[in-house]
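Structure record follows, encoded as structure tokens.
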Amino acid sequence: MTSLVWLRRDLRLADQAAFVAAAADGPVVPVYVLDDETPKHRRMGGASRWWLHHSLASLDHDLRERGSRLILRRGRSEDVLAALAEETGATRVHALHHYEPWWRNAERAVGKRLDLALHDGNYLAPPGSITTGAGGQYKIYTPFWRALQAQMPPPEPTRAPRSLPVPEKWPASDKLAVWQLLPTRPNWATGFEADWQPGEAGAAAHLKSFGGAAADYAETRNLPSVDGTSRLSPHLHFGEISPATIWHRLASVGGSVETFLGELGWRDYAQNVILQFPDYATANARPAFDALPWRTGKAAEEDLTSWQHGRTGYPIVDAGMRQLWATGWMHNRVRMIAASFLIKHLLIDWRRGEQWFWDTLVDADYGSNAVNWQWTAGTGVDSNMFVRIMAPLTQSEKFDAVGYIRQWVPELKGVPAKAIHDPDEHGCRPRDYPPKRIGHREARARALEAVKKIG
């Protein structure tokens with residue numbers, strides 16, 4: 001019997017349980033539905049849409065090499081899939097579980113109209129399956145990670161199929177270019193292409209290159225000028241590689257790779273959080289913070305704009321925000337510094353930053369993005385304390401960001417290394433580089449005074 005494979009954030013052929021199950025049933029019709037209606041205000045941002053375009057093109061190429069193809073349709077998922085099932089005579093839809101609240105709603109809607117078979121495979125363990133001794137869900141990362149480790153390794157990943165059974169007649173498909181996922185007038189993504197190769201082959205290449213450095217991850221991941229990160233996050237987000245594949249490739253390399261595996265565990269943890277708190281990106285997990293007096297008005301909006309454009313007068317923050325705009329990605333340590341700066345130095349609601357990252361990151365993941373912002377803000381179920389205010393100038397020097405700053409803030413290329421972290425303090429700020437929006441001590445005092453209001 002013919003089956004549909006409903007693809008979302010699982011754009012791969014290797015270790016993809018939906019394809020395996022569908023192929024066992026008979027002819028397979030792979031379909032990607034561009035559904036902007038179901039997520040509503042959580043429709044993909046511009047950077048993610050750029051990545052999606054290239055990832056879909058890559059997957060279609062891989063499918064055609066196997067005698068198959070990718071069908072593209074646009075609309076509400078349950079309506080599009082029901083129409084396709086009628087056109088093709090498909091009796092079942094296979095898909096991987098997704099845990100964003102809108103996809104869970106969509107799965108329920110599809111399941112009411114069609115025979116929907118859901119499979120696992122986007123996480124190390126199915127979200128919700130790692131439970132406490134009492135059978136409840138973990139809210140704190142450390143005990144969650146300990147319990148997850150006890151169930152590792154994940155199942156061995158399956159290889160991509162050499163061929164797929166195909167229907168006698170293919171249904172019509174939209175043209176990818178018609179969806180206009182790529183930016184024009186202006187094309188702000190010209191720098192993306194130099195940094196990224198979306199698709200399964202690109203994910204495999206990144207895994208291979210990182211494999212040689214994974215043993216030193218704990219020592220190099222915090223150094224933006226070195227960048228010892230894996231850069232696998234967008235490939236993981238779009239499901240171009242499974243976490244099981246990464247685990248089995250890297251777990252035995254030794255050194256400090258356990259630190260990296262813990263980052264994979266954090267990704268699982270974030271999904272477990274949004275499973276318990278679907279509105280985690282919009283609601284403080286600690287209700288007391290609803291009383292915190294975030295800054296609003298003209299001055300706050302000007303500060304927000306300076307942060308978005310990398311014009312705060314804090315070189316490490318500005319370098320990170322400019323890297324984000326140019327490449328759709330930001331070094332992990334710098335993400336924490338930039339997020340903390342917005343929240344605690346500028347005293348702007350963390351949700352404004354979460355929304356900006358949602359639109360500008362190629363790895364904009366609902367669970368990870370929300371959990372990371374609430375962790376930094378001190379508002380999450382497991383989070384840093386608000387009163388622990390990260391000092392960006394100290395962080396910049398501690399993690400030797402000289403090369404990183406010179407790369408992304410060209411106005412400071414000629415500033416000596418010892419002064420580049422804080423050119424204002426050393427009296428050598430170039431005229432074309434902005435002064436600090438606010439001093440560190442002043443910002444810290446303002447933040448500590450504001451947090452007193454939450455009781």
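Going through the structure tokens in order, the chains are called A, B, and so on, while each chain numbers its residues from 1 and the ligands are numbered from 1 in the order shown.
By chain and then residue number, the residues within 7 Å of stretch 257-273 of chain A are Tyr99, Tyr123, Leu124, Pro127, Gly128, Lys139, Tyr141, Trp145, Ala214, Ala215, Tyr217, Ala218, Ala251, Val253, Gly254, Gln276, Phe277, Gly367, Ser368 and Val371 of chain A, counting only C-alpha atoms and disregarding those fewer than 3 positions away in sequence.
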Using only all heavy atoms, please write the residues we just selected to a file, as a compact mmCIF listing (two decimals), in the first residue's frame.
```
# COMPACT_ATOMS: atom_id res chain seq x y z
N TYR A 99 7.75 17.99 18.94
CA TYR A 99 7.26 18.35 20.27
C TYR A 99 6.96 19.83 20.46
O TYR A 99 6.50 20.23 21.52
CB TYR A 99 8.26 17.86 21.33
CG TYR A 99 8.36 16.35 21.31
CD1 TYR A 99 9.29 15.71 20.50
CD2 TYR A 99 7.48 15.57 22.06
CE1 TYR A 99 9.35 14.32 20.44
CE2 TYR A 99 7.53 14.18 22.01
CZ TYR A 99 8.47 13.56 21.19
OH TYR A 99 8.52 12.19 21.13
N TYR A 123 15.74 12.73 18.77
CA TYR A 123 16.40 12.99 20.05
C TYR A 123 17.08 11.72 20.54
O TYR A 123 16.82 10.61 20.03
CB TYR A 123 15.39 13.53 21.07
CG TYR A 123 14.79 14.82 20.56
CD1 TYR A 123 13.58 14.81 19.88
CD2 TYR A 123 15.49 16.01 20.68
CE1 TYR A 123 13.07 15.98 19.33
CE2 TYR A 123 14.99 17.18 20.14
CZ TYR A 123 13.78 17.17 19.47
OH TYR A 123 13.30 18.32 18.91
N LEU A 124 17.95 11.86 21.51
CA LEU A 124 18.65 10.70 22.05
C LEU A 124 17.68 9.71 22.66
O LEU A 124 17.85 8.49 22.56
CB LEU A 124 19.67 11.15 23.10
CG LEU A 124 20.85 11.97 22.57
CD1 LEU A 124 21.66 12.54 23.73
CD2 LEU A 124 21.75 11.11 21.67
N PRO A 127 11.34 12.42 24.08
CA PRO A 127 10.95 13.35 25.14
C PRO A 127 9.75 12.82 25.93
O PRO A 127 8.79 12.30 25.36
CB PRO A 127 10.60 14.63 24.37
CG PRO A 127 11.51 14.58 23.18
CD PRO A 127 11.55 13.12 22.80
N GLY A 128 9.85 12.94 27.24
CA GLY A 128 8.81 12.40 28.12
C GLY A 128 9.12 11.03 28.64
O GLY A 128 8.47 10.56 29.58
N LYS A 139 12.58 18.58 35.84
CA LYS A 139 12.62 20.01 35.53
C LYS A 139 14.03 20.56 35.60
O LYS A 139 14.31 21.62 35.03
CB LYS A 139 11.69 20.78 36.47
CG LYS A 139 10.20 20.45 36.27
CD LYS A 139 9.34 21.22 37.24
CE LYS A 139 7.86 21.00 36.93
NZ LYS A 139 7.47 19.59 37.05
N TYR A 141 18.14 20.17 34.92
CA TYR A 141 18.96 19.49 33.92
C TYR A 141 19.85 18.39 34.50
O TYR A 141 19.90 17.28 33.95
CB TYR A 141 19.84 20.51 33.18
CG TYR A 141 20.91 19.85 32.35
CD1 TYR A 141 20.60 19.17 31.17
CD2 TYR A 141 22.25 19.89 32.76
CE1 TYR A 141 21.59 18.55 30.41
CE2 TYR A 141 23.24 19.27 32.00
CZ TYR A 141 22.90 18.61 30.84
OH TYR A 141 23.87 17.98 30.09
N TRP A 145 20.05 14.71 33.00
CA TRP A 145 21.18 14.23 32.22
C TRP A 145 21.72 12.93 32.81
O TRP A 145 22.08 12.00 32.08
CB TRP A 145 22.24 15.31 32.16
CG TRP A 145 23.57 14.93 31.56
CD1 TRP A 145 24.80 15.14 32.08
CD2 TRP A 145 23.80 14.30 30.29
NE1 TRP A 145 25.79 14.70 31.25
CE2 TRP A 145 25.21 14.17 30.13
CE3 TRP A 145 22.97 13.84 29.28
CZ2 TRP A 145 25.78 13.60 29.00
CZ3 TRP A 145 23.55 13.26 28.15
CH2 TRP A 145 24.93 13.14 28.02
N ALA A 214 36.88 16.97 18.70
CA ALA A 214 35.90 16.74 19.77
C ALA A 214 36.56 16.43 21.11
O ALA A 214 36.02 16.76 22.17
CB ALA A 214 34.95 15.62 19.37
N ALA A 215 37.72 15.79 21.09
CA ALA A 215 38.39 15.42 22.34
C ALA A 215 38.84 16.65 23.13
O ALA A 215 39.06 16.57 24.34
CB ALA A 215 39.59 14.52 22.05
N TYR A 217 37.05 19.51 23.24
CA TYR A 217 35.87 20.39 23.25
C TYR A 217 35.80 21.27 24.48
O TYR A 217 35.57 22.48 24.38
CB TYR A 217 34.60 19.53 23.14
CG TYR A 217 33.33 20.34 23.07
CD1 TYR A 217 32.97 21.01 21.91
CD2 TYR A 217 32.48 20.42 24.17
CE1 TYR A 217 31.80 21.74 21.83
CE2 TYR A 217 31.29 21.16 24.11
CZ TYR A 217 30.96 21.81 22.94
OH TYR A 217 29.81 22.54 22.87
N ALA A 218 36.02 20.72 25.66
CA ALA A 218 35.90 21.50 26.89
C ALA A 218 36.92 22.64 26.92
O ALA A 218 36.65 23.70 27.51
CB ALA A 218 36.08 20.60 28.11
N ALA A 251 31.31 9.32 20.75
CA ALA A 251 31.35 8.95 22.17
C ALA A 251 32.67 8.31 22.59
O ALA A 251 33.06 8.41 23.76
CB ALA A 251 30.19 8.01 22.49
N VAL A 253 35.79 9.01 21.36
CA VAL A 253 37.01 9.71 20.95
C VAL A 253 37.87 10.11 22.14
O VAL A 253 39.05 10.47 21.98
CB VAL A 253 36.70 10.96 20.09
CG1 VAL A 253 35.91 10.59 18.86
CG2 VAL A 253 36.01 12.03 20.91
N GLY A 254 37.31 10.07 23.35
CA GLY A 254 38.10 10.37 24.54
C GLY A 254 38.22 11.84 24.81
O GLY A 254 37.47 12.67 24.29
N GLN A 276 6.47 19.95 28.93
CA GLN A 276 5.77 20.28 30.17
C GLN A 276 5.21 21.70 30.17
O GLN A 276 4.15 21.95 30.75
CB GLN A 276 6.75 20.15 31.36
CG GLN A 276 7.31 18.75 31.56
CD GLN A 276 8.39 18.75 32.63
OE1 GLN A 276 8.10 18.88 33.82
NE2 GLN A 276 9.64 18.63 32.22
N PHE A 277 5.92 22.62 29.50
CA PHE A 277 5.53 24.03 29.49
C PHE A 277 5.49 24.52 28.04
O PHE A 277 6.45 25.13 27.57
CB PHE A 277 6.52 24.87 30.31
CG PHE A 277 6.74 24.36 31.71
CD1 PHE A 277 7.86 23.59 32.02
CD2 PHE A 277 5.84 24.65 32.73
CE1 PHE A 277 8.07 23.12 33.31
CE2 PHE A 277 6.04 24.19 34.02
CZ PHE A 277 7.15 23.42 34.32
N GLY A 367 12.52 24.90 21.49
CA GLY A 367 12.87 24.44 22.83
C GLY A 367 14.19 25.01 23.30
O GLY A 367 14.28 25.61 24.37
N SER A 368 15.24 24.84 22.52
CA SER A 368 16.57 25.29 22.94
C SER A 368 16.63 26.80 23.09
O SER A 368 17.21 27.32 24.04
CB SER A 368 17.63 24.82 21.93
OG SER A 368 17.71 23.40 21.92
N VAL A 371 14.58 27.82 26.30
CA VAL A 371 15.23 27.35 27.52
C VAL A 371 16.52 28.15 27.78
O VAL A 371 16.79 28.54 28.93
CB VAL A 371 15.52 25.84 27.44
CG1 VAL A 371 16.47 25.40 28.54
CG2 VAL A 371 14.21 25.06 27.54
```
Could you name the residues that touch A:Leu361 at 10 Å or less, counting only C-alpha atoms, but leaving out those on the same chain fewer than 3 positions away, as a PDB file with C-alpha atoms, in the first residue's frame?
```
ATOM      1  CA  GLY A  45      12.106  33.267  10.671  1.00  0.00           C
ATOM      2  CA  GLY A  46      14.059  34.566   7.705  1.00  0.00           C
ATOM      3  CA  ALA A  47      17.328  32.780   8.453  1.00  0.00           C
ATOM      4  CA  SER A  48      15.581  29.442   8.953  1.00  0.00           C
ATOM      5  CA  TRP A  51      18.315  27.144   5.348  1.00  0.00           C
ATOM      6  CA  PRO A 234      21.438  23.860  12.378  1.00  0.00           C
ATOM      7  CA  LEU A 324      24.735  36.588  13.753  1.00  0.00           C
ATOM      8  CA  TRP A 325      23.538  39.013  11.086  1.00  0.00           C
ATOM      9  CA  THR A 327      26.116  34.227   9.009  1.00  0.00           C
ATOM     10  CA  GLY A 328      22.862  33.318  10.804  1.00  0.00           C
ATOM     11  CA  TRP A 329      24.831  31.857  13.696  1.00  0.00           C
ATOM     12  CA  MET A 330      26.707  33.009  16.789  1.00  0.00           C
ATOM     13  CA  TRP A 356      15.253  38.314  17.498  1.00  0.00           C
ATOM     14  CA  PHE A 357      17.172  35.056  17.700  1.00  0.00           C
ATOM     15  CA  TRP A 358      14.116  33.208  16.365  1.00  0.00           C
ATOM     16  CA  ALA A 364      16.417  28.691  15.735  1.00  0.00           C
ATOM     17  CA  ASP A 365      14.929  25.848  17.764  1.00  0.00           C
ATOM     18  CA  ASN A 369      16.073  28.985  22.215  1.00  0.00           C
TER      19      ASN A 369
END
```
Which of stretch 255-287 of chain A DSSP labels alpha helix (DSSP H), written as a PyMOL selection string: chain A and resi 257-276
Output N, CA, C and O atoms for every residue in the selection just made, as a CSV table (one decimal), in the first residue's frame.
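Now in again.csv:
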```csv
chain,number,residue,atom,x,y,z
A,257,VAL,N,35.2,14.8,25.3
A,257,VAL,CA,34.0,14.7,24.5
A,257,VAL,C,32.8,14.6,25.3
A,257,VAL,O,31.7,14.9,24.9
A,258,GLU,N,32.9,14.1,26.6
A,258,GLU,CA,31.7,14.0,27.5
A,258,GLU,C,31.0,15.4,27.6
A,258,GLU,O,29.8,15.5,27.8
A,259,THR,N,31.8,16.4,27.6
A,259,THR,CA,31.2,17.8,27.7
A,259,THR,C,30.3,18.1,26.5
A,259,THR,O,29.2,18.6,26.6
A,260,PHE,N,30.8,17.7,25.3
A,260,PHE,CA,30.0,17.8,24.1
A,260,PHE,C,28.7,17.0,24.2
A,260,PHE,O,27.6,17.4,23.8
A,261,LEU,N,28.9,15.7,24.6
A,261,LEU,CA,27.7,14.8,24.7
A,261,LEU,C,26.7,15.4,25.7
A,261,LEU,O,25.4,15.3,25.5
A,262,GLY,N,27.1,16.1,26.7
A,262,GLY,CA,26.2,16.8,27.6
A,262,GLY,C,25.4,17.9,26.9
A,262,GLY,O,24.3,18.2,27.3
A,263,GLU,N,26.0,18.5,25.9
A,263,GLU,CA,25.3,19.5,25.1
A,263,GLU,C,24.2,18.8,24.3
A,263,GLU,O,23.1,19.4,24.1
A,264,LEU,N,24.4,17.6,23.8
A,264,LEU,CA,23.4,16.9,23.1
A,264,LEU,C,22.3,16.6,24.1
A,264,LEU,O,21.1,16.6,23.8
A,265,GLY,N,22.7,16.3,25.4
A,265,GLY,CA,21.7,16.0,26.4
A,265,GLY,C,20.9,17.3,26.8
A,265,GLY,O,19.7,17.2,27.1
A,266,TRP,N,21.5,18.4,26.7
A,266,TRP,CA,20.8,19.7,27.0
A,266,TRP,C,19.7,19.9,25.9
A,266,TRP,O,18.6,20.4,26.2
A,267,ARG,N,20.0,19.5,24.7
A,267,ARG,CA,19.0,19.6,23.6
A,267,ARG,C,17.8,18.7,23.9
A,267,ARG,O,16.6,19.1,23.7
A,268,ASP,N,18.0,17.5,24.4
A,268,ASP,CA,16.9,16.6,24.8
A,268,ASP,C,16.2,17.3,26.0
A,268,ASP,O,15.0,17.2,26.1
A,269,TYR,N,16.9,17.8,27.0
A,269,TYR,CA,16.3,18.5,28.1
A,269,TYR,C,15.4,19.6,27.7
A,269,TYR,O,14.3,19.7,28.2
A,270,ALA,N,15.8,20.4,26.8
A,270,ALA,CA,15.0,21.5,26.3
A,270,ALA,C,13.6,21.0,25.7
A,270,ALA,O,12.6,21.6,26.0
A,271,GLN,N,13.7,19.9,25.0
A,271,GLN,CA,12.4,19.3,24.5
A,271,GLN,C,11.5,18.8,25.6
A,271,GLN,O,10.3,19.0,25.6
A,272,ASN,N,12.1,18.3,26.7
A,272,ASN,CA,11.3,17.8,27.8
A,272,ASN,C,10.7,19.0,28.6
A,272,ASN,O,9.6,18.9,29.1
A,273,VAL,N,11.4,20.1,28.6
A,273,VAL,CA,10.8,21.3,29.2
A,273,VAL,C,9.6,21.8,28.4
A,273,VAL,O,8.6,22.1,29.0
A,274,ILE,N,9.7,22.0,27.1
A,274,ILE,CA,8.6,22.5,26.3
A,274,ILE,C,7.4,21.5,26.3
A,274,ILE,O,6.3,21.9,26.1
A,275,LEU,N,7.7,20.2,26.5
A,275,LEU,CA,6.7,19.2,26.6
A,275,LEU,C,5.8,19.5,27.9
A,275,LEU,O,4.6,19.3,27.9
A,276,GLN,N,6.5,20.0,28.9
A,276,GLN,CA,5.8,20.3,30.2
A,276,GLN,C,5.2,21.7,30.2
A,276,GLN,O,4.2,21.9,30.7
```
Find the residues of stretch 6-109 of chain A that sit at most 9 Å from stretch 194-202 of chain A; for each, write down the nearest two atoms and how far apart they are in Å, to one decimal. Count only C-alpha atoms. Sort by chain, then by number going up, and give it as JSON lines.
```
{"residue": "A:Leu11", "atom": "CA", "partner": "A:Gly199", "partner_atom": "CA", "distance": 7.6}
{"residue": "A:Arg12", "atom": "CA", "partner": "A:Glu200", "partner_atom": "CA", "distance": 5.9}
{"residue": "A:Leu13", "atom": "CA", "partner": "A:Glu200", "partner_atom": "CA", "distance": 8.0}
{"residue": "A:Ala14", "atom": "CA", "partner": "A:Glu200", "partner_atom": "CA", "distance": 8.5}
{"residue": "A:Trp51", "atom": "CA", "partner": "A:Pro198", "partner_atom": "CA", "distance": 6.2}
{"residue": "A:Leu52", "atom": "CA", "partner": "A:Pro198", "partner_atom": "CA", "distance": 8.0}
{"residue": "A:His53", "atom": "CA", "partner": "A:Pro198", "partner_atom": "CA", "distance": 8.8}
{"residue": "A:His54", "atom": "CA", "partner": "A:Pro198", "partner_atom": "CA", "distance": 5.8}
{"residue": "A:Ser55", "atom": "CA", "partner": "A:Gly199", "partner_atom": "CA", "distance": 4.6}
{"residue": "A:Leu56", "atom": "CA", "partner": "A:Gly199", "partner_atom": "CA", "distance": 7.6}
{"residue": "A:Ala57", "atom": "CA", "partner": "A:Gly199", "partner_atom": "CA", "distance": 8.1}
{"residue": "A:Ser58", "atom": "CA", "partner": "A:Gly199", "partner_atom": "CA", "distance": 5.3}
{"residue": "A:Leu59", "atom": "CA", "partner": "A:Gly199", "partner_atom": "CA", "distance": 6.6}
{"residue": "A:Asp62", "atom": "CA", "partner": "A:Glu200", "partner_atom": "CA", "distance": 8.7}
```
Polymer residues at most 10 Å from A:Asn222, only C-alpha atoms, same-chain spacing of 4 or more positions, as a ChimeraX atom specification: /A:217-218,226-229,331-334,395,398-401
Could you save those same residues with N, CA, C and O atoms as an mmCIF file, in the first residue's frame?
```cif
data_model
loop_
_atom_site.group_PDB
_atom_site.id
_atom_site.type_symbol
_atom_site.label_atom_id
_atom_site.label_comp_id
_atom_site.auth_asym_id
_atom_site.auth_seq_id
_atom_site.Cartn_x
_atom_site.Cartn_y
_atom_site.Cartn_z
ATOM 1 N N TYR A 217 37.049 19.505 23.243
ATOM 2 C CA TYR A 217 35.872 20.386 23.246
ATOM 3 C C TYR A 217 35.804 21.271 24.477
ATOM 4 O O TYR A 217 35.569 22.483 24.377
ATOM 5 N N ALA A 218 36.023 20.716 25.655
ATOM 6 C CA ALA A 218 35.902 21.501 26.889
ATOM 7 C C ALA A 218 36.918 22.638 26.924
ATOM 8 O O ALA A 218 36.650 23.703 27.508
ATOM 9 N N VAL A 226 39.000 30.825 18.488
ATOM 10 C CA VAL A 226 39.395 29.484 18.060
ATOM 11 C C VAL A 226 38.204 28.747 17.470
ATOM 12 O O VAL A 226 38.293 28.058 16.460
ATOM 13 N N ASP A 227 37.045 28.908 18.100
ATOM 14 C CA ASP A 227 35.792 28.252 17.734
ATOM 15 C C ASP A 227 35.923 26.728 17.703
ATOM 16 O O ASP A 227 35.987 26.096 16.650
ATOM 17 N N GLY A 228 35.944 26.156 18.893
ATOM 18 C CA GLY A 228 35.981 24.710 19.012
ATOM 19 C C GLY A 228 34.600 24.087 19.077
ATOM 20 O O GLY A 228 34.474 22.925 19.471
ATOM 21 N N THR A 229 33.580 24.831 18.701
ATOM 22 C CA THR A 229 32.225 24.287 18.698
ATOM 23 C C THR A 229 32.051 23.345 17.515
ATOM 24 O O THR A 229 32.825 23.365 16.555
ATOM 25 N N HIS A 331 28.628 32.227 17.993
ATOM 26 C CA HIS A 331 29.383 31.354 18.887
ATOM 27 C C HIS A 331 28.642 31.211 20.216
ATOM 28 O O HIS A 331 28.097 32.180 20.747
ATOM 29 N N ASN A 332 28.640 30.005 20.779
ATOM 30 C CA ASN A 332 27.821 29.716 21.953
ATOM 31 C C ASN A 332 28.166 30.582 23.163
ATOM 32 O O ASN A 332 27.288 31.111 23.843
ATOM 33 N N ARG A 333 29.442 30.735 23.482
ATOM 34 C CA ARG A 333 29.833 31.570 24.617
ATOM 35 C C ARG A 333 29.369 33.009 24.398
ATOM 36 O O ARG A 333 28.876 33.664 25.309
ATOM 37 N N VAL A 334 29.491 33.491 23.170
ATOM 38 C CA VAL A 334 29.100 34.861 22.876
ATOM 39 C C VAL A 334 27.575 35.010 22.927
ATOM 40 O O VAL A 334 27.067 36.068 23.300
ATOM 41 N N GLN A 395 34.640 38.874 30.447
ATOM 42 C CA GLN A 395 34.470 37.645 29.665
ATOM 43 C C GLN A 395 35.280 37.710 28.372
ATOM 44 O O GLN A 395 35.896 36.728 27.966
ATOM 45 N N LYS A 398 38.897 37.161 29.329
ATOM 46 C CA LYS A 398 39.099 35.808 29.873
ATOM 47 C C LYS A 398 39.152 34.767 28.771
ATOM 48 O O LYS A 398 39.963 33.828 28.823
ATOM 49 N N PHE A 399 38.286 34.913 27.775
ATOM 50 C CA PHE A 399 38.206 33.908 26.718
ATOM 51 C C PHE A 399 38.914 34.351 25.433
ATOM 52 O O PHE A 399 38.637 33.817 24.361
ATOM 53 N N ASP A 400 39.822 35.315 25.568
ATOM 54 C CA ASP A 400 40.753 35.692 24.501
ATOM 55 C C ASP A 400 40.029 35.926 23.169
ATOM 56 O O ASP A 400 40.296 35.258 22.165
ATOM 57 N N ALA A 401 39.145 36.915 23.171
ATOM 58 C CA ALA A 401 38.315 37.181 21.995
ATOM 59 C C ALA A 401 38.930 38.181 21.037
ATOM 60 O O ALA A 401 38.233 38.719 20.166
#
```
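Interatomic distance, atom CA of A:Leu250 to atom CA of A:Gly212: 9.4 Å.
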Near-A:Ala125 list (9 Å; only C-alpha atoms; drop same-chain fewer than 6 positions) as a PyMOL selection string: chain A and resi 148+151-152+154+268
Convert the current residue selection to file output with all heavy atoms, as a PDB file, in the first residue's frame.
```pdb
ATOM      1  N   LEU A 148      19.343  10.278  31.734  1.00  0.00           N
ATOM      2  CA  LEU A 148      19.470  10.024  30.301  1.00  0.00           C
ATOM      3  C   LEU A 148      20.715   9.214  30.003  1.00  0.00           C
ATOM      4  O   LEU A 148      20.689   8.267  29.195  1.00  0.00           O
ATOM      5  CB  LEU A 148      19.500  11.349  29.542  1.00  0.00           C
ATOM      6  CG  LEU A 148      19.686  11.281  28.020  1.00  0.00           C
ATOM      7  CD1 LEU A 148      18.552  10.506  27.365  1.00  0.00           C
ATOM      8  CD2 LEU A 148      19.797  12.683  27.426  1.00  0.00           C
ATOM      9  N   GLN A 151      20.573   5.537  30.099  1.00  0.00           N
ATOM     10  CA  GLN A 151      19.899   4.842  28.993  1.00  0.00           C
ATOM     11  C   GLN A 151      20.706   4.896  27.694  1.00  0.00           C
ATOM     12  O   GLN A 151      20.236   4.441  26.652  1.00  0.00           O
ATOM     13  CB  GLN A 151      18.512   5.440  28.772  1.00  0.00           C
ATOM     14  CG  GLN A 151      17.579   5.239  29.947  1.00  0.00           C
ATOM     15  CD  GLN A 151      16.135   5.553  29.589  1.00  0.00           C
ATOM     16  OE1 GLN A 151      15.750   5.555  28.423  1.00  0.00           O
ATOM     17  NE2 GLN A 151      15.318   5.806  30.596  1.00  0.00           N
ATOM     18  N   MET A 152      21.883   5.448  27.770  1.00  0.00           N
ATOM     19  CA  MET A 152      22.725   5.540  26.582  1.00  0.00           C
ATOM     20  C   MET A 152      23.609   4.295  26.472  1.00  0.00           C
ATOM     21  O   MET A 152      23.889   3.657  27.488  1.00  0.00           O
ATOM     22  CB  MET A 152      23.570   6.809  26.639  1.00  0.00           C
ATOM     23  CG  MET A 152      22.745   8.099  26.522  1.00  0.00           C
ATOM     24  SD  MET A 152      21.919   8.298  24.925  1.00  0.00           S
ATOM     25  CE  MET A 152      20.222   7.810  25.329  1.00  0.00           C
ATOM     26  N   PRO A 154      22.242   5.444  22.493  1.00  0.00           N
ATOM     27  CA  PRO A 154      20.990   5.284  21.745  1.00  0.00           C
ATOM     28  C   PRO A 154      21.114   4.122  20.773  1.00  0.00           C
ATOM     29  O   PRO A 154      22.220   3.603  20.550  1.00  0.00           O
ATOM     30  CB  PRO A 154      20.868   6.618  20.997  1.00  0.00           C
ATOM     31  CG  PRO A 154      22.279   7.091  20.844  1.00  0.00           C
ATOM     32  CD  PRO A 154      23.004   6.630  22.077  1.00  0.00           C
ATOM     33  N   ASP A 268      18.045  17.503  24.411  1.00  0.00           N
ATOM     34  CA  ASP A 268      16.939  16.637  24.843  1.00  0.00           C
ATOM     35  C   ASP A 268      16.191  17.272  26.014  1.00  0.00           C
ATOM     36  O   ASP A 268      14.956  17.248  26.071  1.00  0.00           O
ATOM     37  CB  ASP A 268      17.474  15.267  25.255  1.00  0.00           C
ATOM     38  CG  ASP A 268      17.510  14.270  24.110  1.00  0.00           C
ATOM     39  OD1 ASP A 268      18.006  14.633  23.027  1.00  0.00           O
ATOM     40  OD2 ASP A 268      17.054  13.129  24.296  1.00  0.00           O
TER      41      ASP A 268
END
```
Stretch 284-299 of chain A environment, 10 Å, only C-alpha atoms, sequence neighbours closer than 3 positions dropped, as number ranges by chain: A: 277, 279-281, 302-305, 343-344, 346-351, 371, 374, 377-383, 386, 447, 449-455
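Picture a line from atom CA of A:Pro435 to atom CA of A:Met336; it runs 21.7 Å.
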For A:Arg429: contacts at 12 Å, only C-alpha atoms, fewer than 3 positions along chain excluded, given as number ranges by chain: A: 313-315, 411-416, 419-426, 432-436
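Atom CA of A:Leu114 is found 7.1 Å from atom CA of A:Val93.
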Spatial neighbours of A:Asp25, max dist 6 Å, only C-alpha atoms, sep filter under 2 positions, as an NGL selection string: :A and (1 or 22-23)
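Of the residues listed (A:Ser396, A:Gln323, A:Ser68, A:Ser209), A:Ser68 shows the shortest atom-to-atom separation from A:Ser163; distances use only C-alpha atoms.
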